[in-house]
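Structure below is upload.pdb: PDB, C-alpha atoms and all ligand atoms.
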MODEL        1
ATOM      1  CA  MET A   8       0.000   0.000   0.000  1.00  0.00           C
ATOM      2  CA  GLU A   9       1.422   3.322  -1.044  1.00  0.00           C
ATOM      3  CA  GLN A  10       1.102   6.009   1.611  1.00  0.00           C
ATOM      4  CA  VAL A  11      -0.187   9.383   0.468  1.00  0.00           C
ATOM      5  CA  ILE A  12      -0.499  11.107   3.852  1.00  0.00           C
ATOM      6  CA  LYS A  13       1.249  10.232   7.102  1.00  0.00           C
ATOM      7  CA  VAL A  14       0.436  12.315  10.166  1.00  0.00           C
ATOM      8  CA  ASN A  15       2.716  11.908  13.186  1.00  0.00           C
ATOM      9  CA  ASP A  16       1.769  13.233  16.637  1.00  0.00           C
ATOM     10  CA  LEU A  17       0.237  16.384  15.222  1.00  0.00           C
ATOM     11  CA  ASN A  18      -0.570  19.239  17.579  1.00  0.00           C
ATOM     12  CA  VAL A  19      -2.118  22.512  16.460  1.00  0.00           C
ATOM     13  CA  SER A  20      -3.035  25.439  18.715  1.00  0.00           C
ATOM     14  CA  PHE A  21      -4.407  28.932  18.383  1.00  0.00           C
ATOM     15  CA  GLY A  22      -2.732  30.815  21.197  1.00  0.00           C
ATOM     16  CA  ARG A  23      -3.661  28.882  24.344  1.00  0.00           C
ATOM     17  CA  GLN A  24      -6.433  26.888  22.690  1.00  0.00           C
ATOM     18  CA  GLN A  25      -5.152  23.470  21.677  1.00  0.00           C
ATOM     19  CA  VAL A  26      -7.368  22.313  18.800  1.00  0.00           C
ATOM     20  CA  ILE A  27      -5.582  19.163  17.590  1.00  0.00           C
ATOM     21  CA  THR A  28      -3.882  16.896  20.115  1.00  0.00           C
ATOM     22  CA  ASN A  29      -1.502  14.078  19.183  1.00  0.00           C
ATOM     23  CA  LEU A  30      -3.232  13.158  15.925  1.00  0.00           C
ATOM     24  CA  ASN A  31      -1.832  10.169  14.057  1.00  0.00           C
ATOM     25  CA  LEU A  32      -3.182   8.807  10.803  1.00  0.00           C
ATOM     26  CA  THR A  33      -2.142   7.207   7.560  1.00  0.00           C
ATOM     27  CA  LEU A  34      -3.943   7.539   4.242  1.00  0.00           C
ATOM     28  CA  ASN A  35      -3.093   5.133   1.457  1.00  0.00           C
ATOM     29  CA  ARG A  36      -3.549   5.683  -2.272  1.00  0.00           C
ATOM     30  CA  GLY A  37      -7.169   4.959  -3.176  1.00  0.00           C
ATOM     31  CA  ASP A  38      -8.485   5.550   0.358  1.00  0.00           C
ATOM     32  CA  PHE A  39     -11.520   7.613   1.222  1.00  0.00           C
ATOM     33  CA  LEU A  40     -11.276   9.454   4.520  1.00  0.00           C
ATOM     34  CA  ALA A  41     -14.299  11.187   6.047  1.00  0.00           C
ATOM     35  CA  ILE A  42     -13.595  13.604   8.881  1.00  0.00           C
ATOM     36  CA  LEU A  43     -16.599  13.881  11.183  1.00  0.00           C
ATOM     37  CA  GLY A  44     -17.080  15.846  14.352  1.00  0.00           C
ATOM     38  CA  HIS A  45     -19.058  18.539  16.135  1.00  0.00           C
ATOM     39  CA  ASN A  46     -18.813  22.185  15.178  1.00  0.00           C
ATOM     40  CA  GLY A  47     -15.535  23.665  16.344  1.00  0.00           C
ATOM     41  CA  VAL A  48     -13.812  20.331  16.934  1.00  0.00           C
ATOM     42  CA  GLY A  49     -11.005  21.147  14.476  1.00  0.00           C
ATOM     43  CA  LYS A  50     -11.917  19.655  11.080  1.00  0.00           C
ATOM     44  CA  THR A  51     -11.138  22.787   9.074  1.00  0.00           C
ATOM     45  CA  THR A  52      -8.037  23.366  11.175  1.00  0.00           C
ATOM     46  CA  PHE A  53      -6.748  19.938  10.154  1.00  0.00           C
ATOM     47  CA  VAL A  54      -7.458  20.593   6.468  1.00  0.00           C
ATOM     48  CA  ARG A  55      -5.784  24.011   6.657  1.00  0.00           C
ATOM     49  CA  THR A  56      -2.736  22.418   8.278  1.00  0.00           C
ATOM     50  CA  LEU A  57      -2.659  19.800   5.521  1.00  0.00           C
ATOM     51  CA  LEU A  58      -2.803  22.602   2.940  1.00  0.00           C
ATOM     52  CA  LYS A  59       0.133  24.267   4.776  1.00  0.00           C
ATOM     53  CA  GLN A  60      -1.936  27.339   5.613  1.00  0.00           C
ATOM     54  CA  LEU A  61      -1.308  26.674   9.311  1.00  0.00           C
ATOM     55  CA  LYS A  62       1.854  25.566  11.091  1.00  0.00           C
ATOM     56  CA  PRO A  63       1.661  22.725  13.605  1.00  0.00           C
ATOM     57  CA  THR A  64       2.797  23.460  17.150  1.00  0.00           C
ATOM     58  CA  SER A  65       4.556  20.111  16.959  1.00  0.00           C
ATOM     59  CA  GLY A  66       4.464  16.896  14.947  1.00  0.00           C
ATOM     60  CA  GLU A  67       4.360  16.648  11.196  1.00  0.00           C
ATOM     61  CA  ILE A  68       2.307  15.888   8.133  1.00  0.00           C
ATOM     62  CA  MET A  69       4.187  14.057   5.392  1.00  0.00           C
ATOM     63  CA  LEU A  70       2.809  13.919   1.862  1.00  0.00           C
ATOM     64  CA  ALA A  71       4.001  11.557  -0.883  1.00  0.00           C
ATOM     65  CA  PRO A  72       6.356  13.491  -3.200  1.00  0.00           C
ATOM     66  CA  ASP A  73       4.032  13.435  -6.227  1.00  0.00           C
ATOM     67  CA  THR A  74       1.001  14.676  -4.293  1.00  0.00           C
ATOM     68  CA  LYS A  75      -1.110  17.281  -6.067  1.00  0.00           C
ATOM     69  CA  ILE A  76      -3.986  18.481  -3.932  1.00  0.00           C
ATOM     70  CA  GLY A  77      -7.345  19.566  -5.340  1.00  0.00           C
ATOM     71  CA  TYR A  78      -9.617  21.442  -2.960  1.00  0.00           C
ATOM     72  CA  VAL A  79     -13.387  21.764  -3.320  1.00  0.00           C
ATOM     73  CA  PRO A  80     -14.663  24.455  -0.963  1.00  0.00           C
ATOM     74  CA  GLN A  81     -17.978  24.518   0.862  1.00  0.00           C
ATOM     75  CA  PHE A  82     -20.949  25.244  -1.381  1.00  0.00           C
ATOM     76  CA  ARG A  83     -21.268  28.915  -2.233  1.00  0.00           C
ATOM     77  CA  ASN A  84     -24.213  30.055  -4.239  1.00  0.00           C
ATOM     78  CA  ILE A  85     -23.691  32.210  -7.297  1.00  0.00           C
ATOM     79  CA  ASP A  86     -25.849  35.091  -8.426  1.00  0.00           C
ATOM     80  CA  ILE A  87     -28.532  34.003 -10.871  1.00  0.00           C
ATOM     81  CA  GLU A  88     -27.269  36.724 -13.266  1.00  0.00           C
ATOM     82  CA  TYR A  89     -23.672  35.389 -13.202  1.00  0.00           C
ATOM     83  CA  PRO A  90     -22.617  35.886 -16.830  1.00  0.00           C
ATOM     84  CA  LEU A  91     -20.471  32.819 -17.584  1.00  0.00           C
ATOM     85  CA  SER A  92     -21.504  29.417 -18.845  1.00  0.00           C
ATOM     86  CA  ILE A  93     -20.655  26.347 -16.760  1.00  0.00           C
ATOM     87  CA  ARG A  94     -17.833  25.563 -19.226  1.00  0.00           C
ATOM     88  CA  ASP A  95     -16.289  29.050 -19.003  1.00  0.00           C
ATOM     89  CA  PHE A  96     -16.623  29.071 -15.223  1.00  0.00           C
ATOM     90  CA  ILE A  97     -14.620  25.813 -15.012  1.00  0.00           C
ATOM     91  CA  ALA A  98     -12.074  27.152 -17.532  1.00  0.00           C
ATOM     92  CA  LEU A  99     -11.330  30.044 -15.130  1.00  0.00           C
ATOM     93  CA  SER A 100      -9.247  27.562 -13.155  1.00  0.00           C
ATOM     94  CA  PHE A 101      -6.504  27.332 -15.760  1.00  0.00           C
ATOM     95  CA  THR A 102      -3.512  29.340 -14.619  1.00  0.00           C
ATOM     96  CA  GLY A 103      -3.130  32.522 -16.639  1.00  0.00           C
ATOM     97  CA  PHE A 104      -6.741  32.390 -17.743  1.00  0.00           C
ATOM     98  CA  ARG A 105      -7.123  33.858 -21.202  1.00  0.00           C
ATOM     99  CA  LEU A 106     -10.391  32.503 -22.520  1.00  0.00           C
ATOM    100  CA  PRO A 107     -11.277  31.981 -25.351  1.00  0.00           C
ATOM    101  CA  PHE A 108      -7.642  31.355 -26.151  1.00  0.00           C
ATOM    102  CA  LEU A 109      -7.173  28.018 -24.445  1.00  0.00           C
ATOM    103  CA  SER A 110      -4.542  25.760 -25.958  1.00  0.00           C
ATOM    104  CA  ARG A 111      -5.591  22.561 -27.659  1.00  0.00           C
ATOM    105  CA  ARG A 112      -4.350  20.584 -24.620  1.00  0.00           C
ATOM    106  CA  GLU A 113      -6.260  22.838 -22.201  1.00  0.00           C
ATOM    107  CA  LYS A 114      -9.449  22.413 -24.238  1.00  0.00           C
ATOM    108  CA  GLN A 115      -8.960  18.665 -24.117  1.00  0.00           C
ATOM    109  CA  ILE A 116      -8.483  18.683 -20.322  1.00  0.00           C
ATOM    110  CA  LEU A 117     -11.508  20.965 -19.956  1.00  0.00           C
ATOM    111  CA  ASN A 118     -13.720  18.597 -21.959  1.00  0.00           C
ATOM    112  CA  GLU A 119     -12.439  15.551 -20.066  1.00  0.00           C
ATOM    113  CA  VAL A 120     -13.092  17.163 -16.696  1.00  0.00           C
ATOM    114  CA  ILE A 121     -16.598  18.288 -17.731  1.00  0.00           C
ATOM    115  CA  GLU A 122     -17.317  14.736 -18.837  1.00  0.00           C
ATOM    116  CA  LEU A 123     -15.972  13.303 -15.560  1.00  0.00           C
ATOM    117  CA  VAL A 124     -18.457  15.320 -13.516  1.00  0.00           C
ATOM    118  CA  ASP A 125     -21.364  14.585 -15.872  1.00  0.00           C
ATOM    119  CA  LEU A 126     -21.876  18.148 -17.051  1.00  0.00           C
ATOM    120  CA  THR A 127     -21.201  17.698 -20.789  1.00  0.00           C
ATOM    121  CA  GLU A 128     -24.828  18.030 -21.818  1.00  0.00           C
ATOM    122  CA  ILE A 129     -25.405  21.277 -19.978  1.00  0.00           C
ATOM    123  CA  ALA A 130     -21.917  22.801 -20.141  1.00  0.00           C
ATOM    124  CA  ASP A 131     -23.074  25.727 -22.281  1.00  0.00           C
ATOM    125  CA  ARG A 132     -25.864  26.683 -19.927  1.00  0.00           C
ATOM    126  CA  SER A 133     -25.577  29.584 -17.520  1.00  0.00           C
ATOM    127  CA  MET A 134     -23.653  28.835 -14.306  1.00  0.00           C
ATOM    128  CA  GLY A 135     -25.924  31.213 -12.368  1.00  0.00           C
ATOM    129  CA  LYS A 136     -29.026  29.250 -13.349  1.00  0.00           C
ATOM    130  CA  ALA A 137     -27.590  25.774 -12.657  1.00  0.00           C
ATOM    131  CA  SER A 138     -29.045  23.749  -9.773  1.00  0.00           C
ATOM    132  CA  GLY A 139     -27.168  23.418  -6.474  1.00  0.00           C
ATOM    133  CA  GLY A 140     -25.938  19.940  -7.407  1.00  0.00           C
ATOM    134  CA  GLU A 141     -24.795  21.082 -10.856  1.00  0.00           C
ATOM    135  CA  LYS A 142     -22.971  24.054  -9.357  1.00  0.00           C
ATOM    136  CA  GLN A 143     -21.246  21.808  -6.854  1.00  0.00           C
ATOM    137  CA  ARG A 144     -20.125  19.456  -9.641  1.00  0.00           C
ATOM    138  CA  ALA A 145     -18.814  22.538 -11.498  1.00  0.00           C
ATOM    139  CA  TYR A 146     -16.754  23.424  -8.380  1.00  0.00           C
ATOM    140  CA  LEU A 147     -15.466  19.876  -8.325  1.00  0.00           C
ATOM    141  CA  ALA A 148     -14.557  20.172 -12.022  1.00  0.00           C
ATOM    142  CA  SER A 149     -12.663  23.411 -11.254  1.00  0.00           C
ATOM    143  CA  ALA A 150     -10.564  21.533  -8.704  1.00  0.00           C
ATOM    144  CA  LEU A 151      -9.914  18.782 -11.255  1.00  0.00           C
ATOM    145  CA  ILE A 152      -8.460  21.156 -13.875  1.00  0.00           C
ATOM    146  CA  LYS A 153      -5.052  20.926 -12.162  1.00  0.00           C
ATOM    147  CA  GLN A 154      -5.287  17.121 -12.346  1.00  0.00           C
ATOM    148  CA  PRO A 155      -4.874  16.428  -8.613  1.00  0.00           C
ATOM    149  CA  ASN A 156      -4.305  12.981  -7.131  1.00  0.00           C
ATOM    150  CA  LEU A 157      -5.583  13.963  -3.667  1.00  0.00           C
ATOM    151  CA  LEU A 158      -9.012  15.579  -3.465  1.00  0.00           C
ATOM    152  CA  ILE A 159     -10.273  17.386  -0.386  1.00  0.00           C
ATOM    153  CA  LEU A 160     -13.976  18.196  -0.275  1.00  0.00           C
ATOM    154  CA  ASP A 161     -15.124  20.542   2.472  1.00  0.00           C
ATOM    155  CA  GLU A 162     -18.694  19.628   3.445  1.00  0.00           C
ATOM    156  CA  SER A 163     -19.468  19.640  -0.231  1.00  0.00           C
ATOM    157  CA  THR A 164     -22.774  17.804   0.042  1.00  0.00           C
ATOM    158  CA  ALA A 165     -24.022  19.838   3.001  1.00  0.00           C
ATOM    159  CA  SER A 166     -26.606  21.953   1.215  1.00  0.00           C
ATOM    160  CA  LEU A 167     -27.599  19.473  -1.485  1.00  0.00           C
ATOM    161  CA  ASP A 168     -30.811  17.458  -1.653  1.00  0.00           C
ATOM    162  CA  PRO A 169     -30.491  13.652  -1.311  1.00  0.00           C
ATOM    163  CA  ASP A 170     -30.398  13.009  -5.091  1.00  0.00           C
ATOM    164  CA  ALA A 171     -27.756  15.669  -5.726  1.00  0.00           C
ATOM    165  CA  LYS A 172     -25.737  14.296  -2.782  1.00  0.00           C
ATOM    166  CA  GLN A 173     -25.802  10.821  -4.287  1.00  0.00           C
ATOM    167  CA  GLU A 174     -24.814  12.153  -7.730  1.00  0.00           C
ATOM    168  CA  LEU A 175     -21.853  14.086  -6.343  1.00  0.00           C
ATOM    169  CA  LEU A 176     -20.654  11.138  -4.272  1.00  0.00           C
ATOM    170  CA  ALA A 177     -21.023   8.803  -7.274  1.00  0.00           C
ATOM    171  CA  VAL A 178     -18.807  11.161  -9.293  1.00  0.00           C
ATOM    172  CA  VAL A 179     -16.213  11.256  -6.490  1.00  0.00           C
ATOM    173  CA  LYS A 180     -16.232   7.465  -6.249  1.00  0.00           C
ATOM    174  CA  ARG A 181     -15.726   7.145 -10.003  1.00  0.00           C
ATOM    175  CA  LEU A 182     -12.909   9.691  -9.884  1.00  0.00           C
ATOM    176  CA  ASN A 183     -11.209   7.759  -7.132  1.00  0.00           C
ATOM    177  CA  LEU A 184     -11.182   4.669  -9.338  1.00  0.00           C
ATOM    178  CA  GLN A 185      -9.891   6.599 -12.353  1.00  0.00           C
ATOM    179  CA  ILE A 186      -7.176   8.561 -10.570  1.00  0.00           C
ATOM    180  CA  ASN A 187      -5.774   5.570  -8.712  1.00  0.00           C
TER     181      ASN A 187
HETATM  182  N1  LIG A 201      -7.652  31.478  12.862  1.00  0.00           N
HETATM  183  C1  LIG A 201      -8.113  31.126  14.066  1.00  0.00           C
HETATM  184  N2  LIG A 201      -7.740  31.803  15.169  1.00  0.00           N
HETATM  185  C2  LIG A 201      -8.177  31.455  16.396  1.00  0.00           C
HETATM  186  N3  LIG A 201      -9.005  30.407  16.625  1.00  0.00           N
HETATM  187  C3  LIG A 201      -9.404  29.695  15.573  1.00  0.00           C
HETATM  188  C4  LIG A 201      -8.979  30.006  14.228  1.00  0.00           C
HETATM  189  N4  LIG A 201      -9.550  29.106  13.382  1.00  0.00           N
HETATM  190  C5  LIG A 201     -10.279  28.271  14.155  1.00  0.00           C
HETATM  191  N5  LIG A 201     -10.196  28.618  15.461  1.00  0.00           N
HETATM  192  C6  LIG A 201     -10.835  27.896  16.585  1.00  0.00           C
HETATM  193  O1  LIG A 201     -10.411  26.540  16.541  1.00  0.00           O
HETATM  194  C7  LIG A 201     -11.494  25.665  16.825  1.00  0.00           C
HETATM  195  C8  LIG A 201     -11.674  24.676  15.676  1.00  0.00           C
HETATM  196  O2  LIG A 201     -12.165  25.359  14.523  1.00  0.00           O
HETATM  197  P1  LIG A 201     -12.429  24.633  13.148  1.00  0.00           P
HETATM  198  O3  LIG A 201     -12.869  25.683  12.177  1.00  0.00           O
HETATM  199  O4  LIG A 201     -11.254  23.809  12.788  1.00  0.00           O
HETATM  200  O5  LIG A 201     -13.665  23.668  13.516  1.00  0.00           O
HETATM  201  P2  LIG A 201     -14.539  22.717  12.599  1.00  0.00           P
HETATM  202  O6  LIG A 201     -14.492  21.366  13.210  1.00  0.00           O
HETATM  203  O7  LIG A 201     -14.118  22.832  11.178  1.00  0.00           O
HETATM  204  O8  LIG A 201     -15.978  23.361  12.819  1.00  0.00           O
HETATM  205  P3  LIG A 201     -17.272  23.504  11.859  1.00  0.00           P
HETATM  206  O9  LIG A 201     -17.897  22.145  11.806  1.00  0.00           O
HETATM  207  O10 LIG A 201     -18.114  24.484  12.642  1.00  0.00           O
HETATM  208  O11 LIG A 201     -16.818  24.044  10.535  1.00  0.00           O
HETATM  209  C9  LIG A 201     -12.714  26.545  17.083  1.00  0.00           C
HETATM  210  O12 LIG A 201     -12.834  26.695  18.472  1.00  0.00           O
HETATM  211  C10 LIG A 201     -12.361  27.865  16.430  1.00  0.00           C
HETATM  212  O13 LIG A 201     -12.951  28.938  17.093  1.00  0.00           O
ENDMDL
END

Once more with this new file: its structure as structure tokens, please.
Amino acid sequence: MEQVIKVNDLNVSFGRQQVITNLNLTLNRGDFLAILGHNGVGKTTFVRTLLKQLKPTSGEIMLAPDTKIGYVPQFRNIDIEYPLSIRDFIALSFTGFRLPFLSRREKQILNEVIELVDLTEIADRSMGKASGGEKQRAYLASALIKQPNLLILDESTASLDPDAKQELLAVVKRLNLQIN
């Protein structure tokens, strides 16, 4: 089993408040890890430490050398008048965005990613008018543009109805099989 994340005796504090105490875990390639816990228990703090936005007080997080992290933030709604199509919204995630002048390779990646999240048929529709589940899959597609091999989803099904939740999780499951 190839290790992707190894956490050794991790401690993280904000001033005097110790949020993470002696956390140890190992994540292997292909694993799914769900982090559950009450509000304020330290879930986001752990993710931010993993993303190197926070420094541990002690301990360490080791990532496999080829790790490329994709991050899907919590659901944020978008104004109904938002002017871009779903496709153009996802294309914003290419570095040095210069739509409509994407390279042939970028267009290929864009189409592949749109297909992966099941948005091909509606990719030219307005992002603002997409359903919550479609928007969330567009966010997921944005994270996939950089072709990550470790995906972090922050409560990404929280505001979705049961069907949209299932669809998003089915896409994530399929991705896990394809990436690994
Ligand atoms: N930048 C910060 N400075 C000081 N305290 C912080 C900071 N970020 C988080 N905290 C505190 O650390 C604790 C853990 O917060 P965190 O956001 O990690 O919780 P969480 O488990 O993600 O909660 P939720 O489920 O509500 O999102 C909380 O008590 C919070 O107030």

Specify as a VMD selection string each residue included when the PyMOL selection byres (((chain A and resi 42-44) around 12) and not hetatm) is applied to this file.
chain A and resid 32 39 to 41 45 to 54 159 to 162

Query raised in the report: Which is closer to Ile87 (chain A) than all the others in A:Leu57, A:Leu117, A:Ala145, A:Met134, using all atoms listed in the file?
Result: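 Smallest separation from Ile87 (chain A) among the options: A:Met134.
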
For ligand LIG 201 (chain A), the nearest of the candidates A:Arg94, A:Arg23, A:Arg181, A:Lys59, counting only C-alpha atoms and all ligand atoms: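 Of A:Arg94, A:Arg23, A:Arg181, A:Lys59, the one nearest ligand LIG 201 (chain A), counting only C-alpha atoms and all ligand atoms, is A:Arg23.
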
What are the centre and the three edge lengths of an axis-aligned box that wraps all atoms of ligand LIG 201 (chain A) in the file, given that 5 Å is added to every side, written as lines of an AutoDock Vina configuration file and rounded to one decimal in Å?
center_x = -12.9
center_y = 26.6
center_z = 14.5
size_x = 20.5
size_y = 20.4
size_z = 17.9

Taking the file as I've supplied it (selection: the PyMOL selection byres (((chain A and resi 37) around 7) and not hetatm)), which residues are included? Please answer as an mmCIF file with C-alpha atoms, keeping the file's coordinate frame.
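This went into part13.cif:
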data_model
loop_
_atom_site.group_PDB
_atom_site.id
_atom_site.type_symbol
_atom_site.label_atom_id
_atom_site.label_comp_id
_atom_site.auth_asym_id
_atom_site.auth_seq_id
_atom_site.Cartn_x
_atom_site.Cartn_y
_atom_site.Cartn_z
ATOM 1 C CA ASN A 35 -3.093 5.133 1.457
ATOM 2 C CA ARG A 36 -3.549 5.683 -2.272
ATOM 3 C CA ASP A 38 -8.485 5.550 0.358
ATOM 4 C CA PHE A 39 -11.520 7.613 1.222
ATOM 5 C CA ASN A 183 -11.209 7.759 -7.132
ATOM 6 C CA ASN A 187 -5.774 5.570 -8.712
#

So which residues touch Lys75 (chain A) within 7 Å, counting all atoms listed in the file, skipping near sequence neighbours fewer than 2 positions away, as a compact mmCIF listing (two decimals) with C-alpha atoms, in the coordinates of the input?
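See out_35.txt below for the written result:
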# COMPACT_ATOMS: atom_id res chain seq x y z
CA ASP A 73 4.03 13.44 -6.23
CA GLY A 77 -7.34 19.57 -5.34
CA PRO A 155 -4.87 16.43 -8.61
CA ASN A 156 -4.30 12.98 -7.13
CA LEU A 157 -5.58 13.96 -3.67

Among A:Ile12, A:Ile121, A:Ile186, A:Leu126, Ser138 (chain A) is approached most closely, using all atoms listed in the file, by A:Leu126

Counting all atoms listed in the file, the option among A:Leu158, A:Ile27, A:Val120, A:Leu184 closest to Ser65 (chain A):
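Smallest separation from Ser65 (chain A) among the options: A:Ile27.
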